[in-house]
>>> print(open('start.txt').read())   # compact mmCIF, C-alpha atoms and all ligand atoms
# COMPACT_ATOMS: atom_id res chain seq x y z
CA MET A 26 0.00 0.00 0.00
CA LYS A 27 1.22 3.47 -0.82
CA THR A 28 2.05 5.87 2.00
CA VAL A 29 0.82 9.45 2.11
CA LEU A 30 2.78 11.57 4.56
CA LEU A 31 0.84 14.44 6.11
CA VAL A 32 3.08 17.32 7.16
CA PRO A 33 0.98 20.04 8.85
CA PHE A 34 3.71 22.66 9.15
CA GLY A 35 3.21 26.30 8.06
CA GLY A 36 5.96 27.84 10.20
CA GLY A 37 8.36 28.08 7.26
CA SER A 38 5.98 30.37 5.36
CA LEU A 39 7.06 33.36 7.50
CA GLY A 40 3.42 34.16 8.23
CA SER A 41 2.37 34.33 4.59
CA ASN A 42 0.55 30.99 4.55
CA ASN A 43 -0.15 29.86 8.12
CA ASN A 44 -3.16 27.87 6.92
CA ALA A 45 -0.80 25.55 5.07
CA SER A 46 -0.73 23.77 8.44
CA ILE A 47 -4.38 22.70 8.12
CA ALA A 48 -4.09 21.73 4.45
CA PRO A 49 -2.93 18.10 4.88
CA LEU A 50 -6.11 17.04 6.71
CA GLU A 51 -8.36 19.12 4.47
CA VAL A 52 -6.77 17.69 1.32
CA ILE A 53 -6.83 14.09 2.55
CA ASN A 54 -10.46 14.37 3.69
CA PHE A 55 -11.41 15.79 0.31
CA LEU A 56 -9.51 12.99 -1.40
CA LYS A 57 -11.41 10.36 0.57
CA ARG A 58 -14.70 11.77 -0.71
CA ARG A 59 -13.54 11.45 -4.32
CA ASP A 60 -13.96 8.50 -6.61
CA SER A 61 -11.57 5.69 -5.78
CA VAL A 62 -9.87 5.60 -9.17
CA ASN A 63 -7.85 8.44 -10.71
CA GLU A 64 -7.90 9.61 -14.34
CA SER A 65 -5.15 7.16 -15.28
CA GLY A 66 -7.22 4.30 -13.90
CA ASN A 67 -5.09 3.66 -10.81
CA SER A 68 -6.99 2.81 -7.67
CA LEU A 69 -6.43 5.16 -4.79
CA SER A 70 -5.52 2.90 -1.92
CA PHE A 71 -3.12 4.44 0.52
CA SER A 72 -2.32 4.67 4.18
CA GLU A 73 -1.77 8.03 5.85
CA VAL A 74 1.01 8.83 8.27
CA MET A 75 0.95 12.08 10.22
CA VAL A 76 4.36 13.60 10.84
CA PRO A 77 4.50 15.22 14.29
CA VAL A 78 5.34 18.91 13.93
CA VAL A 79 6.03 21.50 16.60
CA ASN A 80 5.10 24.89 15.24
CA ASP A 81 7.45 26.86 17.48
CA ASP A 82 10.32 24.38 17.17
CA PHE A 83 11.54 24.38 13.58
CA SER A 84 14.59 22.21 14.16
CA GLN A 85 12.72 19.43 15.95
CA THR A 86 10.06 19.55 13.25
CA HIS A 87 12.64 19.18 10.50
CA ILE A 88 14.29 16.27 12.33
CA ASN A 89 10.87 14.56 12.45
CA ILE A 90 10.14 15.23 8.77
CA GLU A 91 13.51 13.84 7.69
CA ARG A 92 13.10 10.73 9.84
CA PHE A 93 9.62 9.94 8.48
CA SER A 94 10.73 10.66 4.92
CA SER A 95 13.69 8.30 5.17
CA HIS A 96 11.25 5.43 5.82
CA GLY A 97 9.84 6.01 2.32
CA PHE A 98 6.58 7.45 1.03
CA SER A 99 4.69 8.03 -2.21
CA VAL A 100 3.22 11.50 -1.74
CA ALA A 101 3.68 14.06 1.03
CA VAL A 102 1.06 16.76 1.61
CA GLY A 103 2.18 20.02 3.20
CA GLY A 104 2.58 22.32 4.69
CA ASP A 105 4.67 25.15 3.33
CA HIS A 106 7.54 24.61 0.90
CA SER A 107 10.22 24.54 3.64
CA ILE A 108 9.18 20.93 4.38
CA THR A 109 10.59 19.83 1.01
CA TYR A 110 14.09 20.55 2.37
CA SER A 111 13.80 17.80 4.99
CA LEU A 112 11.62 15.50 2.89
CA PHE A 113 14.30 15.55 0.18
CA ARG A 114 17.12 15.10 2.73
CA GLY A 115 15.45 11.95 4.05
CA PHE A 116 14.82 10.76 0.49
CA ALA A 117 18.35 11.42 -0.78
CA LYS A 118 19.88 9.50 2.13
CA ASN A 119 18.55 6.26 0.66
CA ASN A 120 18.64 7.18 -3.02
CA ASN A 121 21.93 7.94 -4.77
CA ASP A 122 22.06 10.23 -7.79
CA SER A 123 18.77 11.89 -6.88
CA GLY A 124 17.23 14.82 -8.67
CA ILE A 125 14.37 17.16 -7.90
CA LEU A 126 11.81 18.58 -10.30
CA VAL A 127 10.00 21.57 -8.79
CA PHE A 128 6.80 23.09 -10.13
CA ASP A 129 6.81 26.61 -8.70
CA ALA A 130 6.07 30.22 -9.66
CA HIS A 131 9.09 31.20 -7.58
CA ALA A 132 12.68 30.00 -7.39
CA ASP A 133 12.84 29.60 -3.58
CA CYS A 134 16.56 30.37 -3.90
CA MET A 135 17.04 33.34 -1.60
CA HIS A 136 20.28 33.40 0.41
CA SER A 137 20.61 30.19 2.43
CA PHE A 138 20.25 30.36 6.21
CA HIS A 139 18.60 28.26 8.90
CA PRO A 140 15.92 27.61 9.86
CA VAL A 141 15.10 26.94 6.26
CA THR A 142 11.99 28.71 4.90
CA HIS A 143 9.80 28.49 1.84
CA GLU A 144 11.89 31.29 0.31
CA ASN A 145 15.18 29.42 0.31
CA PHE A 146 14.62 25.67 0.67
CA LEU A 147 16.01 24.92 -2.79
CA ARG A 148 19.05 27.17 -2.30
CA CYS A 149 19.80 25.37 0.99
CA LEU A 150 19.61 21.94 -0.68
CA ILE A 151 22.05 23.10 -3.38
CA ASP A 152 24.43 25.10 -1.16
CA GLU A 153 24.70 22.24 1.32
CA GLY A 154 25.54 19.73 -1.40
CA LEU A 155 22.37 17.71 -0.80
CA VAL A 156 21.54 17.83 -4.49
CA ASN A 157 23.69 18.43 -7.56
CA PRO A 158 22.37 21.65 -9.19
CA LYS A 159 22.51 19.86 -12.55
CA ASN A 160 19.89 17.50 -11.10
CA VAL A 161 17.51 20.36 -10.30
CA ILE A 162 14.69 21.34 -12.68
CA ILE A 163 12.21 24.18 -12.13
CA VAL A 164 9.01 24.38 -14.19
CA GLY A 165 6.58 27.31 -14.30
CA LEU A 166 8.95 29.94 -12.88
CA ARG A 167 7.71 33.49 -13.42
CA ALA A 168 8.77 35.61 -10.43
CA PHE A 169 12.22 35.94 -8.93
CA ASP A 170 14.58 38.28 -7.20
CA VAL A 171 17.80 39.66 -8.73
CA GLU A 172 19.73 37.53 -6.23
CA GLU A 173 17.88 34.43 -7.35
CA ARG A 174 18.30 35.23 -11.04
CA ASP A 175 22.07 35.60 -10.63
CA PHE A 176 22.36 32.49 -8.48
CA LEU A 177 20.34 30.40 -10.93
CA SER A 178 22.18 31.54 -14.04
CA ALA A 179 25.51 30.53 -12.46
CA SER A 180 24.21 27.31 -10.91
CA GLY A 181 23.45 24.90 -13.75
CA VAL A 182 19.84 24.47 -12.62
CA LYS A 183 17.53 23.74 -15.57
CA ILE A 184 14.64 26.18 -15.86
CA PHE A 185 11.51 25.88 -17.95
CA SER A 186 9.81 29.21 -17.32
CA MET A 187 6.22 30.22 -18.01
CA LEU A 188 7.63 32.51 -20.71
CA GLU A 189 9.16 29.49 -22.43
CA ILE A 190 5.99 27.42 -22.01
CA SER A 191 3.85 30.18 -23.55
CA ARG A 192 6.28 30.68 -26.46
CA GLU A 193 7.19 27.09 -27.25
CA GLY A 194 3.99 25.35 -26.25
CA LEU A 195 3.15 22.89 -23.54
CA ASN A 196 3.93 19.68 -25.43
CA VAL A 197 7.35 20.81 -26.62
CA VAL A 198 8.40 21.99 -23.16
CA CYS A 199 7.01 18.84 -21.55
CA ASP A 200 9.13 16.74 -23.94
CA SER A 201 12.21 18.65 -22.75
CA VAL A 202 11.22 18.29 -19.09
CA MET A 203 10.80 14.54 -19.60
CA SER A 204 14.24 14.25 -21.23
CA ALA A 205 15.88 16.24 -18.43
CA SER A 206 14.09 14.23 -15.72
CA ARG A 207 15.34 10.91 -17.07
CA LEU A 208 18.98 11.82 -16.60
CA PHE A 209 19.31 10.83 -12.94
CA SER A 210 18.51 7.61 -11.10
CA ASN A 211 15.91 8.76 -8.60
CA LEU A 212 13.37 11.50 -9.23
CA TYR A 213 11.56 13.55 -6.59
CA ILE A 214 8.76 15.85 -7.78
CA SER A 215 7.68 18.83 -5.68
CA VAL A 216 4.50 20.69 -6.62
CA ASP A 217 4.07 24.18 -5.15
CA ILE A 218 0.41 24.92 -5.81
CA ASP A 219 1.35 28.51 -6.74
CA VAL A 220 2.66 27.21 -10.07
CA LEU A 221 -1.02 27.38 -11.02
CA ASP A 222 -2.59 30.63 -12.06
CA PRO A 223 -4.37 32.30 -9.09
CA SER A 224 -7.64 32.12 -11.03
CA PHE A 225 -7.45 28.36 -10.46
CA ALA A 226 -5.68 28.18 -7.10
CA PRO A 227 -6.13 31.46 -5.20
CA GLY A 228 -5.46 29.93 -1.79
CA THR A 229 -1.69 30.13 -1.39
CA GLY A 230 0.92 32.35 0.23
CA TYR A 231 2.27 34.23 -2.79
CA PRO A 232 -0.20 34.00 -5.69
CA GLU A 233 1.48 35.04 -8.95
CA PRO A 234 -0.51 35.81 -12.13
CA GLY A 235 0.29 34.19 -15.46
CA GLY A 236 0.54 30.59 -14.30
CA LEU A 237 -0.41 27.15 -15.56
CA THR A 238 -3.99 25.99 -15.83
CA THR A 239 -4.98 23.02 -13.69
CA ARG A 240 -5.22 20.95 -16.86
CA ASP A 241 -1.69 21.97 -17.95
CA LEU A 242 -0.28 20.82 -14.62
CA LEU A 243 -2.17 17.52 -14.78
CA TYR A 244 -0.79 16.99 -18.30
CA PHE A 245 2.79 17.42 -17.02
CA LEU A 246 2.23 15.16 -14.01
CA GLN A 247 0.43 12.40 -15.89
CA ARG A 248 3.30 12.22 -18.38
CA LEU A 249 5.97 12.39 -15.68
CA LYS A 250 4.28 9.53 -13.84
CA LEU A 251 5.26 7.30 -16.77
CA LEU A 252 8.97 7.70 -15.98
CA ASN A 253 10.69 4.70 -14.43
CA ASN A 254 12.79 6.76 -12.03
CA ILE A 255 9.96 8.59 -10.24
CA ARG A 256 10.04 7.81 -6.51
CA CYS A 257 8.34 10.45 -4.36
CA CYS A 258 6.23 13.57 -4.75
CA ASP A 259 4.97 16.36 -2.57
CA VAL A 260 2.22 18.96 -2.85
CA VAL A 261 2.78 22.12 -0.81
CA GLU A 262 1.61 25.69 -0.13
CA VAL A 263 -2.13 24.97 -0.23
CA ASP A 264 -4.10 27.30 2.05
CA GLY A 265 -6.25 24.74 3.86
CA SER A 266 -9.04 27.27 4.44
CA ASP A 267 -9.64 27.76 0.71
CA PHE A 268 -12.01 25.10 -0.57
CA LYS A 269 -11.24 25.66 -4.25
CA THR A 270 -7.50 25.26 -3.78
CA VAL A 271 -7.94 22.29 -1.42
CA SER A 272 -9.98 20.52 -4.11
CA ILE A 273 -7.20 21.04 -6.66
CA GLY A 274 -4.61 19.83 -4.15
CA ALA A 275 -6.65 16.65 -3.69
CA LYS A 276 -6.94 16.15 -7.44
CA ILE A 277 -3.17 16.51 -7.85
CA VAL A 278 -2.47 14.06 -5.05
CA SER A 279 -4.87 11.56 -6.62
CA GLU A 280 -3.03 11.77 -9.95
CA LEU A 281 0.34 11.35 -8.23
CA LEU A 282 -0.71 8.18 -6.39
MN MN B 1 7.83 27.34 -3.50
>>> encode(input="start.txt", output="structure tokens")
Amino acid sequence: MKTVLLVPFGGGSLGSNNNASIAPLEVINFLKRRDSVNESGNSLSFSEVMVPVVNDDFSQTHINIERFSSHGFSVAVGGDHSITYSLFRGFAKNNNDSGILVFDAHADCMHSFHPVTHENFLRCLIDEGLVNPKNVIIVGLRAFDVEERDFLSASGVKIFSMLEISREGLNVVCDSVMSASRLFSNLYISVDIDVLDPSFAPGTGYPEPGGLTTRDLLYFLQRLKLLNNIRCCDVVEVDGSDFKTVSIGAKIVSELL
């Protein structure tokens, strides 16, 4: 049976998405009310594991997340994007030559410091040598700081921006994302719900106009699911108080299972 990790931690959102902490239960409850088969015809049988988080103790929380992650899981539901730092750490411990594919409007590559936040989780993973920057792919990027732009252009991270998707077309860019994602042994996919346009998913910390449609994202994920090296996924930054966004989060989780 597949394991869904629930990570109810919003402390890494720096106050911008505190309701990310209630999203895991909201998403999983929504998922249980859905049909029991996803679009690809896979039955949705899973067991849930709740990771204990301490909202005023970031370091203990991250220790817990890493420990639970290292036991293996299929999909993790956050929580803010800082949880991906420790989820990936736990994953990479047991999986050599790992890579991470991030769907995100933002780069999350601000200057690295601890405790890690949703503004710098990816920078921390790279700076600390936990992932080779050549094994990092960002899809849907459309908002970043000068510091992030300069860091990324020197880093070797592969970026498929919204600009590129709108110019080249979804299928062409998805082909390139698939080719890039095959190059390492173990693939981790992280979906920040803000990769979607706010007209679809308004409930998130930093909504950014000009994003993917829900259908575009499902197209990417359903193709990526066909790769042999896919191991784990997460879905983060859902505001658990926003019904519309919770329902999309549940749909995404169902397609990732
Ligand atoms: Mn993010």
>>> atom_distance(input="start.txt", atom1="CA of Val164 (chain A)", atom2="CA of Ser191 (chain A)")
12.2 Å
>>> residues_around(input="start.txt", residues="Asn157 (chain A)", least_positions_apart="6", cutoff="10 Å", atoms="all atoms listed in the file", output="count of residues only")
9
>>> atom_distance(input="start.txt", atom1="CA of Ser215 (chain A)", atom2="CA of Asn42 (chain A)")
17.4 Å
>>> closest_residue(input="start.txt", among="A:Val171, A:Val76, A:Leu237, A:Ala132", to="ligand MN 1 (chain B)", atoms="only C-alpha atoms and all ligand atoms")
A:Ala132
>>> residues_around(input="start.txt", residues="region 224-233 of chain A", least_positions_apart="4", cutoff="6 Å", atoms="only C-alpha atoms", output="list in words")
Ser41, Asn42, Asp219, Glu262, Val263, Asp264, Asp267 and Thr270 of chain A
>>> residues_near_ligand(input="start.txt", ligand="ligand MN 1 (chain B)", cutoff="6 Å", atoms="all atoms listed in the file", output="list in words")
His106, Asp129, His131, Asp133, His143 and Asp217 of chain A
>>> residues_around(input="start.txt", residues="Leu50 (chain A)", least_positions_apart="2", cutoff="10 Å", atoms="only C-alpha atoms", output="mmCIF file with C-alpha atoms, in the coordinates of the input")
data_model
loop_
_atom_site.group_PDB
_atom_site.id
_atom_site.type_symbol
_atom_site.label_atom_id
_atom_site.label_comp_id
_atom_site.auth_asym_id
_atom_site.auth_seq_id
_atom_site.Cartn_x
_atom_site.Cartn_y
_atom_site.Cartn_z
ATOM 1 C CA LEU A 31 0.840 14.440 6.110
ATOM 2 C CA VAL A 32 3.080 17.320 7.160
ATOM 3 C CA PRO A 33 0.980 20.040 8.850
ATOM 4 C CA SER A 46 -0.730 23.770 8.440
ATOM 5 C CA ILE A 47 -4.380 22.700 8.120
ATOM 6 C CA ALA A 48 -4.090 21.730 4.450
ATOM 7 C CA VAL A 52 -6.770 17.690 1.320
ATOM 8 C CA ILE A 53 -6.830 14.090 2.550
ATOM 9 C CA ASN A 54 -10.460 14.370 3.690
ATOM 10 C CA PHE A 55 -11.410 15.790 0.310
ATOM 11 C CA LEU A 56 -9.510 12.990 -1.400
ATOM 12 C CA MET A 75 0.950 12.080 10.220
ATOM 13 C CA VAL A 102 1.060 16.760 1.610
ATOM 14 C CA GLY A 103 2.180 20.020 3.200
ATOM 15 C CA GLY A 265 -6.250 24.740 3.860
ATOM 16 C CA VAL A 271 -7.940 22.290 -1.420
#
>>> closest_residue(input="start.txt", among="A:Asp170, A:Glu144, A:Glu51, A:Glu64", to="Ala275 (chain A)", atoms="only C-alpha atoms")
A:Glu51
>>> residues_around(input="start.txt", residues="Ser95 (chain A)", least_positions_apart="3", cutoff="12 Å", atoms="all atoms listed in the file", output="list in words")
Leu30, Ile88, Asn89, Ile90, Glu91, Arg92, Phe98, Ser99, Ser111, Leu112, Phe113, Arg114, Gly115, Phe116, Ala117, Lys118, Asn119, Asn120 and Cys257 of chain A
>>> write_last_selection(input="start.txt", atoms="C-alpha atoms", output="PDB file, in the frame of the given file")
ATOM      1  CA  LEU A  30       2.780  11.570   4.560  1.00  0.00           C
ATOM      2  CA  ILE A  88      14.290  16.270  12.330  1.00  0.00           C
ATOM      3  CA  ASN A  89      10.870  14.560  12.450  1.00  0.00           C
ATOM      4  CA  ILE A  90      10.140  15.230   8.770  1.00  0.00           C
ATOM      5  CA  GLU A  91      13.510  13.840   7.690  1.00  0.00           C
ATOM      6  CA  ARG A  92      13.100  10.730   9.840  1.00  0.00           C
ATOM      7  CA  PHE A  98       6.580   7.450   1.030  1.00  0.00           C
ATOM      8  CA  SER A  99       4.690   8.030  -2.210  1.00  0.00           C
ATOM      9  CA  SER A 111      13.800  17.800   4.990  1.00  0.00           C
ATOM     10  CA  LEU A 112      11.620  15.500   2.890  1.00  0.00           C
ATOM     11  CA  PHE A 113      14.300  15.550   0.180  1.00  0.00           C
ATOM     12  CA  ARG A 114      17.120  15.100   2.730  1.00  0.00           C
ATOM     13  CA  GLY A 115      15.450  11.950   4.050  1.00  0.00           C
ATOM     14  CA  PHE A 116      14.820  10.760   0.490  1.00  0.00           C
ATOM     15  CA  ALA A 117      18.350  11.420  -0.780  1.00  0.00           C
ATOM     16  CA  LYS A 118      19.880   9.500   2.130  1.00  0.00           C
ATOM     17  CA  ASN A 119      18.550   6.260   0.660  1.00  0.00           C
ATOM     18  CA  ASN A 120      18.640   7.180  -3.020  1.00  0.00           C
ATOM     19  CA  CYS A 257       8.340  10.450  -4.360  1.00  0.00           C
TER      20      CYS A 257
END
>>> closest_residue(input="start.txt", among="A:Phe138, A:Leu252, A:Gly104, A:Ala205", to="Asn44 (chain A)", atoms="all atoms listed in the file")
A:Gly104
>>> atom_distance(input="start.txt", atom1="CA of Phe185 (chain A)", atom2="CA of Val202 (chain A)")
7.7 Å
>>> closest_residue(input="start.txt", among="A:Leu126, A:Leu251, A:Ala45, A:Leu282", to="Gly165 (chain A)", atoms="all atoms listed in the file")
A:Leu126
